[in-house]
>>> print(open('work.txt').read())   # compact mmCIF, C-alpha atoms
# COMPACT_ATOMS: atom_id res chain seq x y z
CA MET A 265 0.00 0.00 0.00
CA ARG A 266 3.01 2.26 -0.06
CA ARG A 267 1.95 3.13 -3.58
CA ALA A 268 -1.41 4.43 -2.59
CA PRO A 269 -0.58 8.14 -2.29
CA PHE A 270 0.96 8.13 -5.73
CA VAL A 271 -1.97 6.28 -7.23
CA ILE A 272 -4.52 8.61 -5.74
CA ALA A 273 -2.66 11.70 -6.92
CA GLY A 274 -2.44 10.35 -10.41
CA THR A 275 -6.08 9.43 -10.45
CA ILE A 276 -7.25 12.84 -9.39
CA VAL A 277 -5.26 14.47 -12.16
CA GLY A 278 -6.71 12.00 -14.62
CA VAL A 279 -10.27 12.67 -13.63
CA ALA A 280 -9.77 16.41 -13.66
CA GLY A 281 -8.69 16.00 -17.25
CA VAL A 282 -11.69 13.93 -18.20
CA LEU A 283 -14.17 16.19 -16.53
CA ALA A 284 -12.57 19.33 -17.88
CA TYR A 285 -12.48 17.95 -21.36
CA PRO A 286 -15.82 19.12 -22.69
CA THR A 287 -15.13 22.74 -21.76
CA HIS A 288 -11.44 23.07 -22.54
CA PRO A 289 -10.34 23.33 -26.12
CA PRO A 290 -7.26 21.24 -26.78
CA ARG A 291 -4.04 23.11 -26.23
CA LEU A 292 -0.91 22.34 -28.12
CA VAL A 293 1.93 21.39 -25.85
CA VAL A 294 4.31 19.82 -28.30
CA PRO A 295 4.24 21.82 -31.47
CA SER A 296 4.61 19.79 -34.56
CA SER A 297 4.11 19.89 -38.23
CA SER A 298 0.65 21.13 -38.90
CA SER A 299 0.04 18.39 -41.38
CA SER A 300 0.44 15.41 -39.12
CA SER A 301 -2.90 13.96 -40.02
CA SER A 302 -3.25 10.95 -42.13
CA SER A 303 -1.27 11.70 -45.26
CA SER A 304 2.18 10.44 -44.65
CA SER A 305 4.88 12.78 -45.67
CA ALA A 306 8.55 12.76 -45.03
CA ALA A 307 8.30 16.42 -44.17
CA ALA A 308 6.28 15.54 -41.12
CA ALA A 309 9.06 13.40 -39.82
CA ASN A 310 11.23 14.55 -36.99
CA ALA A 311 8.98 17.48 -36.32
CA GLY A 312 7.94 16.55 -32.83
CA GLY A 313 11.11 15.12 -31.50
CA GLY A 314 9.48 13.19 -28.69
CA GLY A 315 10.87 9.87 -29.72
CA GLY A 316 14.37 10.07 -28.36
CA SER A 317 17.07 8.02 -29.93
CA SER A 318 16.29 6.00 -32.94
CA ALA A 319 17.83 2.64 -33.33
CA ALA A 320 18.32 2.63 -37.05
CA SER A 321 18.07 6.27 -37.83
CA SER A 322 21.08 6.55 -40.01
CA ALA A 323 18.80 7.21 -42.92
CA PRO A 324 17.44 10.72 -42.75
CA ALA A 325 13.71 11.09 -42.65
CA SER A 326 13.73 12.75 -45.99
CA GLY A 327 15.05 9.61 -47.57
CA PRO A 328 13.07 7.03 -49.45
CA PRO A 329 9.50 7.77 -50.31
CA THR A 330 6.87 6.99 -47.78
CA THR A 331 4.12 4.60 -48.49
CA PRO A 332 0.82 6.27 -49.18
CA GLY A 333 -2.35 5.33 -47.44
CA THR A 334 -3.52 2.61 -49.70
CA ALA A 335 -2.41 -0.94 -50.00
CA PRO A 336 0.63 -2.60 -48.82
CA SER A 337 3.44 -4.69 -49.83
CA THR A 338 7.11 -4.16 -49.76
CA ALA A 339 8.78 -3.44 -53.02
CA ALA A 340 10.64 -6.55 -53.99
CA THR A 341 14.04 -5.02 -53.91
CA THR A 342 16.96 -6.87 -52.43
CA ALA A 343 17.83 -4.32 -49.77
CA PRO A 344 14.89 -3.63 -47.50
CA ALA A 345 13.60 -0.14 -47.98
CA VAL A 346 13.65 2.35 -45.16
CA ARG A 347 10.15 3.69 -44.87
CA SER A 348 8.03 5.81 -42.62
CA ALA A 349 4.43 6.84 -42.19
CA VAL A 350 2.65 9.17 -39.82
CA GLY A 351 -0.33 7.54 -38.18
CA ALA A 352 -3.73 9.15 -37.97
CA ASP A 353 -4.05 12.11 -35.66
CA THR A 354 -5.97 10.30 -32.94
CA GLN A 355 -8.28 11.96 -30.45
CA TYR A 356 -8.38 11.04 -26.81
CA PRO A 357 -10.07 12.72 -23.90
CA TYR A 358 -7.13 15.02 -23.19
CA GLY A 359 -6.55 16.10 -26.77
CA ASP A 360 -4.96 14.28 -29.66
CA LEU A 361 -1.73 12.69 -30.68
CA ALA A 362 -0.08 11.22 -33.75
CA VAL A 363 2.80 8.81 -34.02
CA GLU A 364 5.21 8.30 -36.88
CA VAL A 365 6.48 4.79 -37.48
CA LYS A 366 9.82 4.17 -39.18
CA ALA A 367 10.62 0.78 -40.57
CA THR A 368 13.30 -1.01 -42.49
CA GLY A 369 11.44 -3.49 -44.59
CA ASN A 370 8.87 -4.79 -42.16
CA HIS A 371 11.02 -4.22 -39.10
CA ILE A 372 9.88 -1.30 -36.97
CA THR A 373 12.95 0.76 -36.12
CA ASP A 374 11.51 3.81 -34.40
CA LEU A 375 8.38 5.54 -33.23
CA ILE A 376 8.19 9.30 -32.93
CA VAL A 377 5.33 11.31 -31.52
CA THR A 378 4.78 14.05 -34.09
CA ARG A 379 1.81 15.62 -32.41
CA LEU A 380 0.69 15.71 -28.79
CA ASN A 381 -2.06 17.80 -27.25
CA ASP A 382 -3.02 17.29 -23.66
CA GLY A 383 -5.90 19.73 -23.57
CA GLY A 384 -4.29 21.73 -20.79
CA ALA A 385 -5.05 18.93 -18.37
CA GLY A 386 -1.55 18.86 -16.96
CA GLN A 387 -0.92 15.44 -18.41
CA SER A 388 1.91 16.38 -20.74
CA GLU A 389 4.66 15.78 -18.22
CA PHE A 390 3.44 12.29 -17.46
CA ILE A 391 2.66 11.45 -21.06
CA ASP A 392 5.98 12.79 -22.35
CA HIS A 393 8.27 11.30 -19.78
CA GLN A 394 6.57 8.10 -18.73
CA ALA A 395 3.80 6.93 -20.98
CA ILE A 396 5.27 7.56 -24.40
CA PRO A 397 8.75 6.09 -23.75
CA LEU A 398 7.19 2.98 -22.23
CA LEU A 399 4.72 2.53 -25.07
CA ARG A 400 7.51 3.07 -27.59
CA ARG A 401 9.68 0.41 -25.96
CA GLN A 402 6.76 -2.02 -25.86
CA VAL A 403 5.97 -1.64 -29.54
CA LEU A 404 9.64 -1.83 -30.55
CA ALA A 405 10.11 -4.95 -28.48
CA ALA A 406 6.98 -6.67 -29.72
CA GLN A 407 7.32 -5.34 -33.29
CA THR A 408 3.58 -4.87 -33.32
CA THR A 409 0.93 -3.18 -31.27
CA ASN A 410 -0.33 -6.71 -30.95
CA ILE A 411 -3.66 -5.60 -29.55
CA ASN A 412 -6.81 -4.15 -31.01
CA GLY A 413 -7.85 -2.09 -28.02
CA VAL A 414 -7.44 -1.40 -24.33
CA SER A 415 -10.04 -2.11 -21.66
CA GLY A 416 -10.14 0.21 -18.68
CA ALA A 417 -9.77 3.91 -19.16
CA THR A 418 -6.23 4.42 -20.35
CA TYR A 419 -6.67 7.01 -22.95
CA THR A 420 -3.05 7.68 -23.75
CA SER A 421 -2.16 4.10 -24.60
CA GLN A 422 -5.33 3.64 -26.60
CA ALA A 423 -4.64 6.72 -28.70
CA TYR A 424 -0.99 5.76 -29.13
CA VAL A 425 -1.86 2.23 -30.18
CA ASP A 426 -4.51 3.48 -32.61
CA SER A 427 -2.14 5.95 -34.25
CA VAL A 428 0.70 3.44 -34.48
CA GLN A 429 -1.69 0.88 -35.92
CA SER A 430 -2.87 3.26 -38.61
CA ALA A 431 0.76 4.02 -39.51
CA LEU A 432 1.42 0.27 -39.74
CA ASP A 433 -1.65 -0.02 -41.97
CA LYS A 434 -0.11 2.55 -44.31
CA LEU A 435 3.21 0.74 -44.32
CA GLY A 436 1.55 -2.59 -44.91
CA ILE A 437 3.08 -4.08 -41.80
CA LYS A 438 0.98 -6.56 -39.94
CA MET B 75 3.82 -11.59 -47.01
CA THR B 76 0.07 -11.60 -46.99
CA ALA B 77 -1.80 -8.50 -47.96
CA VAL B 78 -2.80 -6.33 -45.06
CA VAL B 79 -6.45 -5.43 -44.85
CA VAL B 80 -6.75 -1.87 -43.68
CA PRO B 81 -9.70 -1.12 -41.43
CA ALA B 82 -11.63 2.12 -41.36
CA ARG B 83 -11.07 4.00 -38.12
CA HIS B 84 -12.98 6.80 -36.51
CA ALA B 85 -12.98 8.57 -33.15
CA GLU B 86 -16.07 10.35 -31.86
CA GLU B 87 -16.26 12.70 -28.88
CA VAL B 88 -19.37 11.73 -26.96
CA MET B 89 -20.52 10.82 -23.44
CA GLY B 90 -17.65 12.75 -21.89
CA THR B 91 -15.10 10.48 -23.54
CA VAL B 92 -13.87 9.43 -26.93
CA VAL B 93 -15.43 6.43 -28.62
CA SER B 94 -13.21 4.84 -31.24
CA PHE B 95 -14.26 2.54 -34.06
CA THR B 96 -12.28 -0.06 -36.00
CA VAL B 97 -14.24 -1.48 -38.93
CA PHE B 98 -13.47 -4.15 -41.50
CA ALA B 99 -16.05 -4.15 -44.28
CA PRO B 100 -16.40 -5.47 -47.81
CA ALA B 101 -16.01 -2.89 -50.58
CA SER B 102 -19.74 -3.04 -51.21
CA VAL B 103 -20.44 -1.46 -47.81
CA ASP B 104 -20.47 2.32 -47.47
CA THR B 105 -18.41 2.38 -44.29
CA ARG B 106 -18.37 6.17 -43.89
CA THR B 107 -22.14 6.42 -43.93
CA LEU B 108 -22.44 3.50 -41.54
CA LEU B 109 -19.97 5.07 -39.12
CA GLN B 110 -21.92 8.29 -39.26
CA ARG B 111 -25.11 6.42 -38.36
CA ALA B 112 -23.35 4.64 -35.50
CA CYS B 113 -22.12 7.99 -34.18
CA ASP B 114 -25.58 9.49 -34.54
CA SER B 115 -26.84 6.63 -32.38
CA LEU B 116 -24.24 7.41 -29.70
CA GLN B 117 -24.99 11.13 -29.72
CA ARG B 118 -28.72 10.47 -29.53
CA ASP B 119 -28.29 8.14 -26.55
CA ASP B 120 -26.01 10.69 -24.87
CA ARG B 121 -28.65 13.41 -25.26
CA MET B 122 -31.16 11.05 -23.65
CA PHE B 123 -29.12 9.74 -20.71
CA SER B 124 -26.53 12.38 -19.89
CA THR B 125 -26.58 13.34 -16.22
CA TRP B 126 -24.36 16.31 -17.14
CA LYS B 127 -26.82 17.86 -19.57
CA PRO B 128 -29.60 19.44 -17.51
CA ASP B 129 -32.17 19.13 -20.30
CA SER B 130 -31.73 15.40 -20.94
CA PRO B 131 -34.72 13.23 -20.01
CA MET B 132 -32.51 11.43 -17.48
CA SER B 133 -31.51 14.70 -15.81
CA ARG B 134 -35.07 15.97 -15.77
CA TYR B 135 -36.26 12.68 -14.29
CA ARG B 136 -33.60 12.96 -11.57
CA ALA B 137 -34.61 16.56 -10.93
CA GLY B 138 -38.25 15.57 -10.63
CA THR B 139 -39.38 17.71 -13.57
CA LEU B 140 -40.18 14.65 -15.70
CA SER B 141 -42.36 11.85 -14.41
CA ALA B 142 -41.74 8.14 -15.02
CA ASP B 143 -44.75 8.12 -17.36
CA GLU B 144 -43.13 10.76 -19.56
CA LEU B 145 -39.79 8.97 -19.98
CA PRO B 146 -38.74 7.86 -23.48
CA ASP B 147 -39.02 4.12 -24.10
CA GLU B 148 -35.24 3.76 -24.18
CA VAL B 149 -34.89 5.21 -20.68
CA VAL B 150 -37.67 2.99 -19.36
CA GLY B 151 -35.97 -0.02 -20.95
CA VAL B 152 -32.55 0.82 -19.52
CA LEU B 153 -33.95 1.37 -16.03
CA GLU B 154 -35.74 -1.97 -16.27
CA ARG B 155 -32.48 -3.70 -17.22
CA CYS B 156 -30.77 -1.89 -14.35
CA ARG B 157 -33.35 -3.38 -11.99
CA GLN B 158 -32.64 -6.85 -13.33
CA LEU B 159 -28.91 -6.34 -12.98
CA ARG B 160 -29.36 -5.05 -9.45
CA THR B 161 -31.07 -8.31 -8.60
CA LEU B 162 -28.52 -10.37 -10.51
CA THR B 163 -25.63 -8.78 -8.60
CA GLY B 164 -27.28 -9.07 -5.22
CA GLY B 165 -27.56 -5.30 -5.05
CA TRP B 166 -23.90 -4.55 -5.75
CA PHE B 167 -24.86 -2.79 -8.97
CA ASP B 168 -27.44 -0.28 -7.82
CA PRO B 169 -28.05 2.92 -9.79
CA TRP B 170 -30.64 3.91 -7.20
CA ALA B 171 -28.01 4.00 -4.45
CA MET B 172 -25.92 6.63 -6.18
CA PRO B 173 -25.55 10.04 -4.58
CA GLY B 174 -27.62 12.61 -6.45
CA GLY B 175 -30.40 10.27 -7.50
CA VAL B 176 -30.80 7.35 -9.85
CA ASP B 177 -27.78 7.17 -12.15
CA PRO B 178 -27.53 4.35 -14.73
CA THR B 179 -24.21 5.68 -16.06
CA GLY B 180 -22.51 2.44 -14.96
CA MET B 181 -24.42 0.63 -17.68
CA VAL B 182 -25.37 3.29 -20.25
CA LYS B 183 -21.93 3.69 -21.81
CA GLY B 184 -21.79 -0.03 -22.55
CA TRP B 185 -25.41 -0.11 -23.64
CA ALA B 186 -24.92 2.78 -26.07
CA ALA B 187 -21.69 1.31 -27.47
CA GLN B 188 -23.45 -2.01 -28.02
CA ARG B 189 -26.21 -0.21 -29.94
CA ALA B 190 -23.63 1.60 -32.08
CA LEU B 191 -22.00 -1.74 -32.85
CA ASP B 192 -25.39 -3.17 -33.82
CA VAL B 193 -25.76 -0.38 -36.41
CA LEU B 194 -22.49 -1.49 -38.01
CA VAL B 195 -23.37 -5.17 -37.92
CA ASP B 196 -26.82 -4.56 -39.41
CA GLY B 197 -25.10 -2.54 -42.13
CA GLY B 198 -23.10 -5.58 -43.23
CA VAL B 199 -19.57 -5.05 -41.90
CA ASP B 200 -17.32 -8.11 -41.60
CA ALA B 201 -15.90 -7.20 -38.22
CA ALA B 202 -15.98 -4.18 -35.95
CA LEU B 203 -14.76 -2.96 -32.59
CA VAL B 204 -16.30 -0.09 -30.66
CA ASN B 205 -14.20 1.21 -27.76
CA ALA B 206 -16.19 3.48 -25.47
CA GLY B 207 -13.50 4.89 -23.21
CA GLY B 208 -12.25 1.48 -22.16
CA ASP B 209 -15.44 -0.55 -22.50
CA LEU B 210 -15.40 -2.48 -25.75
CA ALA B 211 -18.02 -4.16 -27.92
CA ALA B 212 -16.83 -6.37 -30.77
CA ALA B 213 -18.35 -8.35 -33.63
CA GLY B 214 -16.88 -10.66 -36.22
CA THR B 215 -13.26 -11.73 -36.44
CA PRO B 216 -10.54 -9.32 -37.51
CA PRO B 217 -8.31 -10.48 -40.38
CA GLY B 218 -5.62 -12.79 -39.12
CA GLY B 219 -8.04 -14.58 -36.84
CA GLY B 220 -7.76 -15.24 -33.15
CA GLY B 221 -10.41 -12.77 -32.10
CA TRP B 222 -9.99 -9.22 -30.94
CA ARG B 223 -6.98 -8.90 -28.66
CA ILE B 224 -7.73 -6.48 -25.85
CA GLY B 225 -5.21 -5.31 -23.28
CA ILE B 226 -6.49 -4.91 -19.73
CA ARG B 227 -5.17 -1.69 -18.24
CA HIS B 228 -2.95 -2.28 -15.22
CA PRO B 229 -4.50 -0.58 -12.18
CA TRP B 230 -1.24 0.96 -10.96
CA GLN B 231 0.65 1.43 -14.20
CA PRO B 232 -1.60 3.32 -16.59
CA VAL B 233 0.31 2.41 -19.72
CA ALA B 234 1.00 -1.21 -18.87
CA PHE B 235 -1.33 -4.15 -19.26
CA ALA B 236 -2.29 -6.48 -16.47
CA ALA B 237 -3.27 -9.07 -19.08
CA VAL B 238 -4.44 -9.50 -22.65
CA VAL B 239 -7.72 -11.24 -23.46
CA ALA B 240 -9.22 -12.47 -26.73
CA VAL B 241 -12.71 -11.08 -27.03
CA THR B 242 -15.53 -12.06 -29.37
CA ALA B 243 -18.27 -9.78 -28.02
CA ALA B 244 -17.74 -7.52 -25.02
CA VAL B 245 -15.26 -6.57 -22.31
CA ALA B 246 -15.56 -3.92 -19.61
CA THR B 247 -13.07 -2.92 -16.95
CA SER B 248 -13.87 -0.88 -13.91
CA GLY B 249 -11.56 0.45 -11.23
CA ASP B 250 -11.31 3.28 -8.80
CA TYR B 251 -8.52 4.81 -10.89
CA GLU B 252 -11.11 5.85 -13.49
CA ARG B 253 -13.45 7.99 -11.51
CA PRO B 254 -12.55 7.87 -7.83
CA GLY B 255 -15.58 8.22 -5.65
CA GLN B 256 -17.86 6.85 -8.36
CA LEU B 257 -17.60 3.32 -7.06
CA VAL B 258 -20.08 3.64 -4.25
CA ASP B 259 -20.84 0.74 -1.96
CA PRO B 260 -24.65 0.60 -2.08
CA THR B 261 -24.79 -1.07 1.31
CA THR B 262 -23.01 1.79 3.07
CA GLY B 263 -23.15 4.77 0.70
CA ALA B 264 -19.39 5.12 1.13
CA VAL B 265 -16.74 4.90 -1.56
CA SER B 266 -15.83 1.27 -2.10
CA ARG B 267 -12.23 0.13 -1.87
CA ARG B 268 -12.65 -3.59 -2.33
CA ALA B 269 -10.97 -3.95 -5.73
CA ALA B 270 -8.27 -2.26 -7.75
CA SER B 271 -9.58 -3.45 -11.08
CA ALA B 272 -12.50 -5.55 -12.23
CA THR B 273 -12.89 -6.92 -15.75
CA VAL B 274 -15.87 -8.76 -17.18
CA VAL B 275 -16.00 -10.50 -20.56
CA GLY B 276 -19.29 -11.70 -22.04
CA PRO B 277 -21.84 -11.55 -24.83
CA ASP B 278 -23.35 -8.10 -24.15
CA LEU B 279 -21.54 -4.89 -23.21
CA ALA B 280 -24.41 -3.34 -21.27
CA VAL B 281 -24.42 -6.36 -18.95
CA ALA B 282 -20.62 -6.61 -18.85
CA ASP B 283 -20.38 -2.92 -17.98
CA ALA B 284 -22.81 -3.25 -15.07
CA LEU B 285 -21.18 -6.48 -13.86
CA ALA B 286 -17.72 -4.89 -13.95
CA THR B 287 -19.04 -2.00 -11.88
CA ALA B 288 -20.57 -4.45 -9.40
CA LEU B 289 -17.37 -6.50 -9.28
CA ALA B 290 -15.26 -3.40 -8.63
CA VAL B 291 -17.59 -2.33 -5.83
CA GLY B 292 -18.28 -5.71 -4.26
CA GLY B 293 -14.97 -7.47 -4.88
CA SER B 294 -14.89 -11.13 -3.95
CA ASP B 295 -18.54 -11.09 -2.87
CA VAL B 296 -19.51 -10.46 -6.48
CA PHE B 297 -16.75 -12.64 -7.92
CA ASP B 298 -18.30 -15.63 -6.18
CA ARG B 299 -21.57 -15.02 -8.04
CA PHE B 300 -20.00 -15.56 -11.45
CA SER B 301 -20.19 -19.34 -11.17
CA ALA B 302 -23.94 -18.89 -11.58
CA LEU B 303 -23.65 -16.35 -14.41
CA SER B 304 -23.58 -18.28 -17.65
CA GLY B 305 -21.55 -16.68 -20.42
CA TYR B 306 -19.79 -14.06 -18.30
CA GLU B 307 -16.23 -14.33 -17.02
CA ALA B 308 -14.56 -12.26 -14.34
CA TYR B 309 -11.00 -11.09 -13.66
CA LEU B 310 -10.44 -9.29 -10.38
CA ILE B 311 -7.34 -7.51 -9.09
CA GLY B 312 -7.58 -6.81 -5.39
CA VAL B 313 -6.27 -3.70 -3.68
CA ASP B 314 -3.49 -5.95 -2.36
CA GLY B 315 -2.55 -6.87 -5.94
CA LEU B 316 -3.89 -10.41 -5.70
CA GLU B 317 -5.50 -11.57 -8.92
CA VAL B 318 -8.31 -14.06 -9.42
CA ALA B 319 -10.16 -15.05 -12.57
CA THR B 320 -12.95 -17.41 -13.51
CA GLU B 321 -11.92 -20.48 -15.44
CA GLY B 322 -13.26 -19.33 -18.79
CA MET B 323 -11.58 -15.91 -18.88
CA PRO B 324 -9.99 -15.90 -22.37
CA PHE B 325 -6.46 -14.81 -21.44
CA VAL B 326 -3.97 -14.63 -24.27
CA PRO B 327 -0.53 -15.89 -23.28
CA GLU B 328 2.09 -13.16 -23.48
CA ALA B 329 4.05 -13.38 -26.68
>>> encode(input="work.txt", output="structure tokens")
Amino acid sequence: MRRAPFVIAGTIVGVAGVLAYPTHPPRLVVPSSSSSSSSSSAAAANAGGGGGSSAASSAPASGPPTTPGTAPSTAATTAPAVRSAVGADTQYPYGDLAVEVKATGNHITDLIVTRLNDGGAGQSEFIDHQAIPLLRRQVLAAQTTNINGVSGATYTSQAYVDSVQSALDKLGIK
Amino acid sequence: MTAVVVPARHAEEVMGTVVSFTVFAPASVDTRTLLQRACDSLQRDDRMFSTWKPDSPMSRYRAGTLSADELPDEVVGVLERCRQLRTLTGGWFDPWAMPGGVDPTGMVKGWAAQRALDVLVDGGVDAALVNAGGDLAAAGTPPGGGGWRIGIRHPWQPVAFAAVVAVTAAVATSGDYERPGQLVDPTTGAVSRRAASATVVGPDLAVADALATALAVGGSDVFDRFSALSGYEAYLIGVDGLEVATEGMPFVPEA
């Protein structure tokens, strides 16, 4: 039960965010490219910075063309192509976020948050420093979001998973 | 590599949360129109049941400015189901014991999400998932098979999962981390602290939602009732971190 004070504090913040949501317009806390929604463009890459180090980032984001929203399939070249796509700008009760996925062939090499609004709910610190790095590590380790949804109110992970999944859809990675 | 089937996705702000949709449909189905109709259904139900909107029938009923005879059929139906669920849970789910008057919110979110899913199914989609702020209703099988894989939020680590379950219809998770103070013990009127997290899987999200609320409030007292509840499975994490689950809970082994 030593954790209880921490848990309660976190919960109160969370609820304040949910309850405040209908009356607070989303506020941008991590500025990013304005065009982070669905169309994947290399220009949107690297805009947000939130992702930290990238394992295989030797290729600049402006490199090979990104895969547009439609169907899949890797080009049958011998060397796996380095690709990236920005996932859908996904709403959650605190605001919205979008995640860019970088991949070499079908191997996910990095995930970068290109857009993050927390609606002024004071969640940005937690989301930036705890939630996003952990989610990023989980997806990199599993090489998939591996789930279709999250039960129990955990808005940040749900939005992150949804955005990553839509980027994977664009890249044709299962 | 097999072709990846890309689902349609949509997120709708409603009921004080965000409801997200994942839809797989044949090309012959107008998915955008269907999604719009599903969202219309959610917004309509929200206008009817919101306890935050003072002019909703539910709010006016609570305030005493609308009589039971004047309630819309949907509200009458939901309250009737709430009565049944109150009996089924031995009183642990009790919208009439909430502070501020009768409040079916513990079931309405799941009920409304289930109705939105029905719109999609009736419209001919292959598979769909409706996530109403952590309560999920599913139909069909997503490409790749194996059912819908749903992570159960860990009660003390908001971005970690306590478990992953494979769901064919509905899953709801309730815990005091969501809305502290909302889990009221109907026997005492005090805030309940018997469970850290309660998850229920079953065929209908309205029922699963209410059962998860009851399980979170009543803890092991409610867990013991699941042996008599055909079709519904329970997964309970106690405030001490101890976990119990009914035999049929469809856990997916960690990869």
>>> atom_distance(input="work.txt", atom1="atom CA of B:Asp119", atom2="atom CA of B:Leu194")
16.1 Å
>>> residues_around(input="work.txt", residues="B:Leu116", least_positions_apart="3", cutoff="9 Å", atoms="all atoms listed in the file", output="list in words")
Glu86, Val88, Met89, Val93, Arg111, Ala112, Cys113, Asp119, Asp120, Arg121, Ala186, Ala187, Arg189 and Ala190 of chain B
>>> residues_around(input="work.txt", residues="A:Thr409", least_positions_apart="3", cutoff="9 Å", atoms="only C-alpha atoms", output="PyMOL selection string")
chain A and resi 402-404+406+412+425-426+428-429
>>> residues_around(input="work.txt", residues="B:Ala236", least_positions_apart="3", cutoff="6 Å", atoms="only C-alpha atoms", output="PyMOL selection string")
chain B and resi 226-228
>>> closest_residue(input="work.txt", among="A:Asn381, A:Ser427, A:Gln355, A:Ser348", to="chain B", atoms="only C-alpha atoms")
A:Gln355
>>> residues_around(input="work.txt", residues="stretch 360-368 of chain A", least_positions_apart="2", cutoff="6 Å", atoms="all atoms listed in the file", output="list in words")
Pro344, Ala345, Val346, Arg347, Ser348, Ala349, Val350, Gly351, Ala352, Asp353, Thr354, Gln355, Tyr356, Asn370, His371, Ile372, Thr373, Asp374, Leu375, Ile376, Val377, Thr378, Arg379, Leu380, Asn381, Ser427 and Val428 of chain A
>>> closest_residue(input="work.txt", among="A:Ala343, A:Ile437, A:Ile411, A:Leu432", to="B:Trp222", atoms="only C-alpha atoms")
A:Ile411
>>> closest_residue(input="work.txt", among="A:Tyr424, A:Gly436, A:Tyr358, A:Pro397", to="chain B", atoms="all atoms listed in the file")
A:Gly436
>>> closest_residue(input="work.txt", among="B:Gly198, B:Gly165, B:Gly207, B:Gly305", to="B:Met323", atoms="all atoms listed in the file")
B:Gly305
>>> residues_around(input="work.txt", residues="stretch 152-160 of chain B", least_positions_apart="5", cutoff="12 Å", atoms="all atoms listed in the file", output="VMD selection string")
chain B and resid 119 122 to 123 132 135 142 145 to 147 165 to 171 176 to 186 260 280 to 288 296 303
>>> residues_near_point(input="work.txt", point="(-16.3, -21.6, -16.9)", cutoff="9 Å", atoms="all atoms listed in the file", output="PyMOL selection string")
chain B and resi 300-301+304-307+320-323
>>> atom_distance(input="work.txt", atom1="atom CA of B:Ser94", atom2="atom CA of B:Asn205")
5.1 Å
>>> atom_distance(input="work.txt", atom1="atom CA of B:Ser294", atom2="atom CA of B:Ile311")
9.8 Å
>>> closest_residue(input="work.txt", among="B:Val313, B:Met172, B:Val97, B:Ala243", to="chain A", atoms="all atoms listed in the file")
B:Val313
>>> closest_residue(input="work.txt", among="B:Leu203, B:Ala213, B:Leu108, B:Val103", to="chain A", atoms="all atoms listed in the file")
B:Leu203
